[in-house]
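Below you'll find the structure, written out as structure tokens, and then a few comments.
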Amino acid sequence: MPADPRDQVRAVPGRLPLLGHSVSLLRGPVKFLASLRSHGELVRLHLGPLPVYLVTTPELAWQILAVDADKFDKGIVFDKMRPLFGDGIATSNGEFNRRQRRMVLPAFSRGRIAGYAASTVTPLAARLADSWCHGQVVALDEELQDLALSVSGQTLFSTELGREVLDEIQRSIPIMLDYVLVRAFSSKVIEKLPIKANREFDAAAARLRKVIPDVIVNARADGGDHGDLLSTLLLATDEDTGEPMTDEQIHDEVITILTTGAETTAVALAWFFHEIGQHGDIERRFHAEVDEVLGGRPATFDDVPRLGYTQQIVNEVLRRNPPLILMRRTRETVDIAGVSLPPGTEVAVSQHTLHQDPRWFPDPARFDPDRWAPGAAALPKGAYIPFGAGARLCPGHVFAPIEITIAAATLAARWRLVPLPGKTVYPKITATMQPNRLPMTVIARHE
């Protein structure tokens, strides 16, 4: 009989009966995940009674996500997300996943991204800037979430085709994001209880599943290319069979892109302005660059290469506030750090564990955009993976930083956002690392 990996890899301290380490993950995930490195390069946690083997080094993360990617399926967290995502690229496996990725990727080509920036990101960010006035106190986290959802929705659907869907996105996606992590780490028993988290999550998912199919049917009947992402998905065909995606497949990809894309951008933008509000020297350098490049006008796609320091801030925000954890499940026996993990073993990579490693990020708690300055030391593969890595790298990994850069620069071209005294801001653990609240005062930068 092969050795049981549970005999070779000791469980991390703090495991509770029946609950395992789920309480630690939900109550203080950043501190908990960052601490795992001290227990070894391969550690065992428990989500309820389920053992999960988490790697803590870039080399092992790269092995799982890139080198041996074909030996893994998506893990249990993605199984829990199927009621929301269906069989989109976030949850599907094997050849079907590879087929879907090939058909989705053209929607994120450079030409398409330039179009999305011109038609949605720049005008919507400029509209938000126009809505503010000097001295106004804004709930910036909420305003940025609305901005990101609007960008995501209008990138997917032209206004003519998708007004009802855009309204439902604004209503339902935030509800699902609030409860997705609880859903992911809950046992099957808790999933079935009629508690608030389950009721509201299921109701929001059902509403989206009701309105989106009509838009897809209408868009397919229209047959034109409206420059939106939905048009690209409808026109895509499989390179081997020539067949297009079914309406159900497009629906699942739409839900996946909406949920993951909007959340990443909103959270990163919120922390962007929070961090520069705490660091006057960084804020001054950022404003100087924005003034030099933009001269008070909104940012465009063509401005991004000249907004180098802005991009450094974005990279540092993504290092500090990435998604919590990536799950995989072995398809076959895989050797990791000298331990043979049999088929069906749940394995995890935590960006927080990797992004807080002082070997690659000295003084990791310090917010320092100069880590990303031209000429900085190269990082090992797997050390910085805010969008994952390997064959399942997030398709939006190019678009998201561009969107964040354009939106941040457009707002800063006109306004300085000042933290409110006495208001504590800390990560609220939902699907990602949202700030609990972010009230800021809007100050005009130019008379």
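Each chain in the structure tokens gets a letter, A, B, ..., in the order shown, and its residues are numbered from 1; ligands are numbered from 1 in order too.
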>> If we count only C-alpha atoms and set the cut-off at 12 Å, which residues sit around stretch 277-287 of chain A, ignoring sequence neighbours fewer than 5 positions away in its own chain? Please answer as a PyMOL selection string.
In response: chain A and resi 270-272+292-296+307-314+316+366-370+405+408-421+424-425+438-442+445-446
>> If DSSP is run on the backbone, what residues of stretch 221-431 of chain A are helix (DSSP H, G or I)? A reply as a count of residues only would be ideal.
In response: 101
> For A:Leu354, which residue out of A:Glu263, A:Asp7, A:Glu59, A:Asp146 is the nearest one, using only C-alpha atoms?
Replying inline: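 Closest residue, counting only C-alpha atoms: A:Glu59.
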>> I'd like to know which of A:Gly40, A:Pro305, A:Gly396, A:Pro58 is closest to A:His352, using only C-alpha atoms.
In response: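 Nearest candidate to A:His352 out of A:Gly40, A:Pro305, A:Gly396, A:Pro58: A:Pro58.
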> Of the candidates A:Phe85, A:Trp132, A:Tyr179, A:Tyr53, which one gets nearest to A:Leu258 if we count only C-alpha atoms?
Replying inline: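 Looking at the shortest contact to A:Leu258, the residue is A:Phe85.
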> Between A:Val290, A:Ala203, A:Asn218, A:Asn321, which one has atoms that come closest to A:Lys428, using only C-alpha atoms?
Replying inline: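 Closest candidate: A:Asn321.
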> Any idea what's packed within 7 Å of A:Gln351, counting only C-alpha atoms, ignoring anything in its chain fewer than 3 positions away? Could you give it as a PyMOL selection string?
Replying inline: chain A and resi 322-325+354-355+385-386
> Near A:Ala337, counting only C-alpha atoms, which residues have an atom at most 7 Å away, once you skip same-chain residues fewer than 2 positions from it, shown as number ranges by chain?
Replying inline: A: 42, 335, 339
> Just asking: which residues within stretch 231-346 of chain A are strand (DSSP E) according to DSSP, as a PyMOL selection string?
Replying inline: chain A and resi 326-330+334-336+339-341+346
>> Quick one: residues within 9 Å of stretch 340-344 of chain A, only C-alpha atoms, excluding same-chain residues fewer than 5 positions away - as an MDAnalysis selection string?
In response: chainID A and resid 2:5 53 72 329:335
Based on the selection just made, write C-alpha atoms of those residues as a short mmCIF file (atom, residue, chain, number, x, y, z; two decimals), in the first residue's frame.
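So the final result, stored in selection17.cif, reads:
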data_model
loop_
_atom_site.label_atom_id
_atom_site.label_comp_id
_atom_site.auth_asym_id
_atom_site.auth_seq_id
_atom_site.Cartn_x
_atom_site.Cartn_y
_atom_site.Cartn_z
CA PRO A 2 1.33 3.49 -0.84
CA ALA A 3 2.10 5.71 2.12
CA ASP A 4 -0.71 7.91 3.39
CA PRO A 5 0.42 11.54 2.88
CA TYR A 53 -2.10 20.10 1.04
CA PHE A 72 -4.58 18.48 -11.79
CA ARG A 329 -7.22 18.28 -7.25
CA THR A 330 -4.80 15.58 -8.40
CA ARG A 331 -5.92 13.55 -11.44
CA GLU A 332 -3.14 11.03 -10.89
CA THR A 333 -0.38 10.37 -8.37
CA VAL A 334 1.82 13.46 -8.14
CA ASP A 335 5.09 13.84 -6.26
#
> For A:Met81, which residue among A:Val211, A:Asp357, A:Met176, A:Ala66 is the nearest when counting only C-alpha atoms?
Replying inline: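 Residue with the minimum atom-to-atom distance to A:Met81: A:Met176.
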Quick one: everything within 10 Å of stretch 164-167 of chain A, counting only C-alpha atoms, minus sequence neighbours fewer than 2 positions away in the same chain. Send it as a short mmCIF file (atom, residue, chain, number, x, y, z; two decimals) with C-alpha atoms, in the first residue's frame.
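To be explicit, this is the file written out as out_33.cif:
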data_model
loop_
_atom_site.label_atom_id
_atom_site.label_comp_id
_atom_site.auth_asym_id
_atom_site.auth_seq_id
_atom_site.Cartn_x
_atom_site.Cartn_y
_atom_site.Cartn_z
CA LEU A 149 -19.45 46.48 -12.57
CA SER A 150 -20.47 49.04 -15.17
CA VAL A 151 -17.23 48.54 -17.08
CA SER A 152 -17.56 44.76 -16.87
CA GLY A 153 -21.20 44.82 -17.94
CA GLN A 154 -20.76 47.23 -20.82
CA LEU A 156 -19.75 42.30 -22.21
CA PHE A 157 -22.97 43.77 -23.54
CA SER A 158 -23.62 46.72 -25.78
CA THR A 159 -26.09 49.05 -24.11
CA GLU A 160 -28.74 48.36 -26.75
CA LEU A 161 -28.67 44.65 -26.10
CA GLY A 162 -28.10 44.49 -22.36
CA ILE A 169 -25.54 42.97 -12.53
CA GLN A 170 -25.48 46.04 -10.29
CA ARG A 171 -28.03 44.38 -8.03
CA SER A 172 -26.96 40.74 -7.85
CA ARG A 207 -32.01 36.23 -11.15
CA LEU A 208 -28.89 36.45 -13.30
CA LYS A 210 -33.03 34.32 -15.79
CA VAL A 211 -32.06 37.53 -17.59
CA ILE A 212 -28.80 36.63 -19.31
CA PRO A 213 -30.15 33.90 -21.66
CA ASP A 214 -32.55 36.36 -23.29
CA VAL A 215 -29.69 38.71 -24.12
#
>> Just checking: using only C-alpha atoms, which residue out of A:Phe78, A:Glu289, A:Leu54, A:Gly115 ends up closest to A:Ala90?
In response: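 Of the candidates, the smallest distance to A:Ala90 is held by A:Phe78.
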>> Which residues are near A:Met103? Cut-off 8 Å, only C-alpha atoms, ignore same chain within fewer than 4 positions. Put them as a ChimeraX atom specification.
In response: /A:99,233,236-238
Let's have the selection written as a compact mmCIF listing (two decimals), in the first residue's frame, with N, CA and C atoms.
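Wrote result16.txt, looks like this:
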# COMPACT_ATOMS: atom_id res chain seq x y z
N ARG A 99 -10.64 23.75 -24.65
CA ARG A 99 -11.43 24.21 -25.80
C ARG A 99 -12.06 25.57 -25.51
N LEU A 233 -17.63 36.23 -28.24
CA LEU A 233 -17.94 34.86 -27.82
C LEU A 233 -18.90 34.20 -28.81
N ALA A 236 -17.03 33.19 -31.99
CA ALA A 236 -15.92 32.24 -31.84
C ALA A 236 -16.35 30.84 -32.28
N THR A 237 -15.40 30.12 -32.89
CA THR A 237 -15.64 28.73 -33.28
C THR A 237 -14.47 27.87 -32.84
N ASP A 238 -14.76 26.61 -32.59
CA ASP A 238 -13.72 25.67 -32.21
C ASP A 238 -12.81 25.41 -33.40
